[in-house]
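Working notes, beginning with the structure itself.
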Amino acid sequence: MRVVIAGGHSGAGLRLASLLSARGDAVVALVPSDRHRADVRAHGARPVVLDSRGLVETLPGADAVVFTGGTALGPTERPAALAFADGVGALGIRRYVLLSTMAGEARADDSPERAEYLRTKAETEAEIACRDLDWTIVRAGRMTDDPGSGLVSLGGGVSEGEVPRADVAAVLAALVTGPWCVRRTVGLVGGSTPVDDAVRAPVD
């Protein structure tokens with residue numbers, strides 16, 4: 001497969017790049033600046049500094065695009081996850097996996113910044129869910145740098161909790177290999193189900 005990771009310099013993005021390259025996939029990691037190139041190469045992916053040209057050069061021919069966050073498309077008010085979805089749809093790429101978070105609901109005492117973040121997150125997820133794509137939205141719990149166990153809880157009824165970034169990457173890598181959780185929004189935390197089983201039969 002040829003997989004493009006948007007936000008390939010992030011903790012989950014780098015781990016995903018390692019998993020995909022280890023199984024023989026061609027991996028392109030879009031990064032915001034030159035200082036991330038060495039890290040990305042060390043994890044087996046080809047780094048591309050993102051600008052409008054980089055997006056045009058890297059998306060064509062991709063079998064799947066995974067958005068792990070942390071990547072902007074220059075000075076724009078449009079959320080980057082939606083800008084990537086625009087490109088995916090325009091090029092006829094079907095598989096789009098968005099890594100999101102279990103951020104909870106807005107509260108009256110939230111800061112303006114958090115309230116804006118939650119509003120944008122909700123609107124972004126809602127718009128992705130309306131796209132004619134084979135999309136999956138993965139809402140991860142609080143991510144940690146603990147060693148991965150390979151055991152998770154994945155599905156619509158998953159409650160908040162923690163999950164190692166290594167297990168998040170393993171779930172993302174599994175999702176791009178087949179029609180698992182297509183057109184579904186699923187929560188992800190640590191659990192007791194092996195990753196491959198969890199993506200094939202997520203809990204309701």
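Residue names in the structure tokens use chain letters A, B, ... in the order shown, residue numbers from 1 in each chain, and ligand numbers from 1 in the order shown.
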At a cut-off of 6 Å, using only C-alpha atoms, what residues contact Asp25 of chain A? Leave out same-chain residues fewer than 3 positions from it and give the result as a PyMOL selection string.
chain A and resi 1-2+20-21
Mind writing the picked residues with N, CA and C atoms as an mmCIF file, in the first residue's frame?
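Generated output (result-v3.cif):
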data_model
loop_
_atom_site.group_PDB
_atom_site.id
_atom_site.type_symbol
_atom_site.label_atom_id
_atom_site.label_comp_id
_atom_site.auth_asym_id
_atom_site.auth_seq_id
_atom_site.Cartn_x
_atom_site.Cartn_y
_atom_site.Cartn_z
ATOM 1 N N MET A 1 0.838 -1.204 0.000
ATOM 2 C CA MET A 1 0.000 0.000 0.000
ATOM 3 C C MET A 1 0.872 1.252 0.000
ATOM 4 N N ARG A 2 0.281 2.337 -0.451
ATOM 5 C CA ARG A 2 0.916 3.648 -0.327
ATOM 6 C C ARG A 2 0.043 4.479 0.602
ATOM 7 N N LEU A 20 3.892 0.705 9.501
ATOM 8 C CA LEU A 20 3.570 0.550 8.085
ATOM 9 C C LEU A 20 4.808 0.207 7.260
ATOM 10 N N SER A 21 5.913 0.912 7.523
ATOM 11 C CA SER A 21 7.130 0.647 6.754
ATOM 12 C C SER A 21 7.673 -0.743 7.056
#
Fewer than 2 positions away in the same chain doesn't count, so skip those; otherwise give me all residues within 12 Å of segment 187-192 of chain A, counting only C-alpha atoms, as number ranges by chain.
A: 98-104, 136-144, 146-172, 181, 184-185, 194-199, 202-204
Counting only C-alpha atoms, closest pick from A:Val186, A:Ala126, A:Ile5, A:Thr120 relative to Phe84 of chain A is A:Ile5
Set out as JSON lines a contact list for segment 57-151 of chain A and segment 11-17 of chain A with a cut-off of 9 Å, giving each residue of segment 57-151 of chain A that qualifies its closest atom pair and distance in Å to one decimal, counting only C-alpha atoms, ordered by chain and rising residue number.
{"residue": "A:Val66", "atom": "CA", "partner": "A:Gly13", "partner_atom": "CA", "distance": 8.7}
{"residue": "A:Phe67", "atom": "CA", "partner": "A:Gly13", "partner_atom": "CA", "distance": 8.5}
{"residue": "A:Thr68", "atom": "CA", "partner": "A:Gly13", "partner_atom": "CA", "distance": 6.0}
{"residue": "A:Gly69", "atom": "CA", "partner": "A:Gly13", "partner_atom": "CA", "distance": 8.5}
{"residue": "A:Met143", "atom": "CA", "partner": "A:Ala12", "partner_atom": "CA", "distance": 8.9}
{"residue": "A:Asp145", "atom": "CA", "partner": "A:Gly11", "partner_atom": "CA", "distance": 8.6}
Which residues in chain A does DSSP call helix (DSSP H, G or I)? List them as a ChimeraX atom specification.
/A:11-22,34-42,52-58,80-90,112-129,165-175,195-200
Using DSSP on the backbone coordinates, identify all residues within segment 8-179 of chain A classified as strand (DSSP E); present the result as a ChimeraX atom specification.
/A:26-31,46-49,64-67,95-101,134-140,142-144,151-155,162-164
Just the selected residues (C-alpha atoms), exported as a compact mmCIF listing (two decimals), in the first residue's frame, please.
# COMPACT_ATOMS: atom_id res chain seq x y z
CA ALA A 26 5.33 2.93 1.09
CA VAL A 27 4.85 5.71 3.63
CA VAL A 28 4.91 9.46 3.09
CA ALA A 29 4.83 11.64 6.20
CA LEU A 30 3.73 15.25 5.79
CA VAL A 31 5.50 17.49 8.30
CA ARG A 46 9.67 9.70 3.34
CA PRO A 47 9.25 13.18 4.80
CA VAL A 48 7.61 15.95 2.82
CA VAL A 49 7.37 19.48 4.18
CA ALA A 64 -5.14 5.70 2.20
CA VAL A 65 -4.63 8.97 4.07
CA VAL A 66 -4.37 9.06 7.86
CA PHE A 67 -4.69 12.41 9.63
CA ARG A 95 -9.86 5.64 2.59
CA TYR A 96 -9.52 8.48 5.10
CA VAL A 97 -8.84 7.85 8.78
CA LEU A 98 -9.03 10.76 11.22
CA LEU A 99 -7.41 10.50 14.64
CA SER A 100 -9.47 12.59 17.03
CA THR A 101 -9.87 12.66 20.81
CA ASP A 134 -14.59 5.43 3.35
CA TRP A 135 -13.90 7.42 6.47
CA THR A 136 -13.29 6.33 10.03
CA ILE A 137 -13.03 8.71 12.98
CA VAL A 138 -11.04 7.32 15.90
CA ARG A 139 -11.58 9.17 19.17
CA ALA A 140 -8.63 8.15 21.31
CA ARG A 142 -5.78 10.20 26.89
CA MET A 143 -2.67 9.03 25.07
CA THR A 144 0.39 7.96 27.04
CA LEU A 151 -4.97 -4.96 23.74
CA VAL A 152 -7.63 -2.28 23.31
CA SER A 153 -11.29 -1.44 23.63
CA LEU A 154 -12.68 0.01 20.40
CA GLY A 155 -16.20 1.01 19.46
CA GLU A 162 -6.06 5.99 28.68
CA VAL A 163 -4.37 4.32 25.74
CA PRO A 164 -0.67 4.02 24.80
Please list as a PDB file with N, CA, C and O atoms, in the first residue's frame every residue within 12 Å of Leu118 of chain A, counting only C-alpha atoms and excluding residues in the same chain fewer than 2 positions away.
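Below is the file that was written, selection09.pdb:
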ATOM      1  N   SER A 100      -8.903  11.521  16.230  1.00  0.00           N
ATOM      2  CA  SER A 100      -9.469  12.589  17.031  1.00  0.00           C
ATOM      3  C   SER A 100      -9.297  12.232  18.507  1.00  0.00           C
ATOM      4  O   SER A 100      -8.502  11.357  18.854  1.00  0.00           O
ATOM      5  N   THR A 101     -10.018  12.895  19.378  1.00  0.00           N
ATOM      6  CA  THR A 101      -9.873  12.661  20.807  1.00  0.00           C
ATOM      7  C   THR A 101     -11.234  12.546  21.479  1.00  0.00           C
ATOM      8  O   THR A 101     -12.238  13.038  20.989  1.00  0.00           O
ATOM      9  N   MET A 102     -11.222  11.911  22.643  1.00  0.00           N
ATOM     10  CA  MET A 102     -12.386  11.917  23.526  1.00  0.00           C
ATOM     11  C   MET A 102     -12.295  13.164  24.402  1.00  0.00           C
ATOM     12  O   MET A 102     -11.856  13.102  25.550  1.00  0.00           O
ATOM     13  N   ALA A 103     -12.670  14.282  23.857  1.00  0.00           N
ATOM     14  CA  ALA A 103     -12.482  15.546  24.570  1.00  0.00           C
ATOM     15  C   ALA A 103     -13.632  15.876  25.502  1.00  0.00           C
ATOM     16  O   ALA A 103     -13.544  16.814  26.290  1.00  0.00           O
ATOM     17  N   GLY A 104     -14.726  15.123  25.417  1.00  0.00           N
ATOM     18  CA  GLY A 104     -15.857  15.413  26.286  1.00  0.00           C
ATOM     19  C   GLY A 104     -16.695  16.571  25.771  1.00  0.00           C
ATOM     20  O   GLY A 104     -16.464  17.120  24.696  1.00  0.00           O
ATOM     21  N   GLU A 105     -17.677  16.938  26.563  1.00  0.00           N
ATOM     22  CA  GLU A 105     -18.588  18.012  26.195  1.00  0.00           C
ATOM     23  C   GLU A 105     -18.113  19.349  26.775  1.00  0.00           C
ATOM     24  O   GLU A 105     -17.449  19.391  27.810  1.00  0.00           O
ATOM     25  N   ALA A 106     -18.463  20.425  26.101  1.00  0.00           N
ATOM     26  CA  ALA A 106     -18.121  21.755  26.604  1.00  0.00           C
ATOM     27  C   ALA A 106     -18.869  22.031  27.910  1.00  0.00           C
ATOM     28  O   ALA A 106     -20.014  21.618  28.087  1.00  0.00           O
ATOM     29  N   ARG A 107     -18.191  22.737  28.828  1.00  0.00           N
ATOM     30  CA  ARG A 107     -18.798  23.096  30.102  1.00  0.00           C
ATOM     31  C   ARG A 107     -18.811  24.611  30.245  1.00  0.00           C
ATOM     32  O   ARG A 107     -18.045  25.324  29.584  1.00  0.00           O
ATOM     33  N   ASP A 110     -15.471  26.303  30.963  1.00  0.00           N
ATOM     34  CA  ASP A 110     -14.344  26.118  30.044  1.00  0.00           C
ATOM     35  C   ASP A 110     -13.786  27.465  29.604  1.00  0.00           C
ATOM     36  O   ASP A 110     -14.530  28.450  29.471  1.00  0.00           O
ATOM     37  N   SER A 111     -12.481  27.483  29.333  1.00  0.00           N
ATOM     38  CA  SER A 111     -11.866  28.686  28.789  1.00  0.00           C
ATOM     39  C   SER A 111     -12.373  28.913  27.373  1.00  0.00           C
ATOM     40  O   SER A 111     -12.839  27.966  26.706  1.00  0.00           O
ATOM     41  N   PRO A 112     -12.298  30.137  26.873  1.00  0.00           N
ATOM     42  CA  PRO A 112     -12.718  30.384  25.484  1.00  0.00           C
ATOM     43  C   PRO A 112     -11.950  29.523  24.489  1.00  0.00           C
ATOM     44  O   PRO A 112     -12.514  29.074  23.483  1.00  0.00           O
ATOM     45  N   GLU A 113     -10.659  29.280  24.779  1.00  0.00           N
ATOM     46  CA  GLU A 113      -9.840  28.484  23.869  1.00  0.00           C
ATOM     47  C   GLU A 113     -10.341  27.036  23.812  1.00  0.00           C
ATOM     48  O   GLU A 113     -10.439  26.448  22.726  1.00  0.00           O
ATOM     49  N   ARG A 114     -10.654  26.466  24.991  1.00  0.00           N
ATOM     50  CA  ARG A 114     -11.145  25.089  24.995  1.00  0.00           C
ATOM     51  C   ARG A 114     -12.533  24.996  24.351  1.00  0.00           C
ATOM     52  O   ARG A 114     -12.814  24.054  23.608  1.00  0.00           O
ATOM     53  N   ALA A 115     -13.367  25.968  24.626  1.00  0.00           N
ATOM     54  CA  ALA A 115     -14.699  25.962  24.021  1.00  0.00           C
ATOM     55  C   ALA A 115     -14.599  26.022  22.504  1.00  0.00           C
ATOM     56  O   ALA A 115     -15.338  25.327  21.788  1.00  0.00           O
ATOM     57  N   GLU A 116     -13.686  26.841  21.997  1.00  0.00           N
ATOM     58  CA  GLU A 116     -13.494  26.946  20.553  1.00  0.00           C
ATOM     59  C   GLU A 116     -12.944  25.640  19.991  1.00  0.00           C
ATOM     60  O   GLU A 116     -13.361  25.182  18.910  1.00  0.00           O
ATOM     61  N   THR A 120     -14.847  23.408  17.173  1.00  0.00           N
ATOM     62  CA  THR A 120     -14.207  23.083  15.898  1.00  0.00           C
ATOM     63  C   THR A 120     -14.099  21.573  15.716  1.00  0.00           C
ATOM     64  O   THR A 120     -14.335  21.045  14.620  1.00  0.00           O
ATOM     65  N   LYS A 121     -13.735  20.869  16.786  1.00  0.00           N
ATOM     66  CA  LYS A 121     -13.627  19.411  16.724  1.00  0.00           C
ATOM     67  C   LYS A 121     -14.955  18.782  16.338  1.00  0.00           C
ATOM     68  O   LYS A 121     -15.026  17.923  15.452  1.00  0.00           O
ATOM     69  N   ALA A 122     -16.034  19.217  16.990  1.00  0.00           N
ATOM     70  CA  ALA A 122     -17.348  18.653  16.703  1.00  0.00           C
ATOM     71  C   ALA A 122     -17.777  18.947  15.271  1.00  0.00           C
ATOM     72  O   ALA A 122     -18.304  18.066  14.567  1.00  0.00           O
ATOM     73  N   GLU A 123     -17.550  20.168  14.816  1.00  0.00           N
ATOM     74  CA  GLU A 123     -17.931  20.533  13.457  1.00  0.00           C
ATOM     75  C   GLU A 123     -17.106  19.774  12.421  1.00  0.00           C
ATOM     76  O   GLU A 123     -17.625  19.363  11.380  1.00  0.00           O
ATOM     77  N   THR A 124     -15.822  19.600  12.703  1.00  0.00           N
ATOM     78  CA  THR A 124     -14.954  18.866  11.789  1.00  0.00           C
ATOM     79  C   THR A 124     -15.401  17.418  11.667  1.00  0.00           C
ATOM     80  O   THR A 124     -15.544  16.884  10.554  1.00  0.00           O
ATOM     81  N   GLU A 125     -15.640  16.766  12.790  1.00  0.00           N
ATOM     82  CA  GLU A 125     -16.083  15.378  12.757  1.00  0.00           C
ATOM     83  C   GLU A 125     -17.418  15.243  12.018  1.00  0.00           C
ATOM     84  O   GLU A 125     -17.613  14.315  11.235  1.00  0.00           O
TER      85      GLU A 125
END
Quick one: pull the distance between atom CA of Leu82 of chain A and atom CA of Ala22 of chain A, Å, one decimal.
29.0 Å
So how many Å separate atom CA of Pro179 of chain A and atom CA of Ala83 of chain A, to one decimal?
23.1 Å
Using only C-alpha atoms, which of A:Ala81, A:Val40, A:Ile93, A:Ala201 sits nearest Leu133 of chain A?
A:Ile93
Find the residue from A:Val4, A:Val182, A:Ala129, A:Ala62 that sits nearest to Gly92 of chain A; use only C-alpha atoms when measuring.
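Result for the nearest residue to Gly92 of chain A: A:Ala62.
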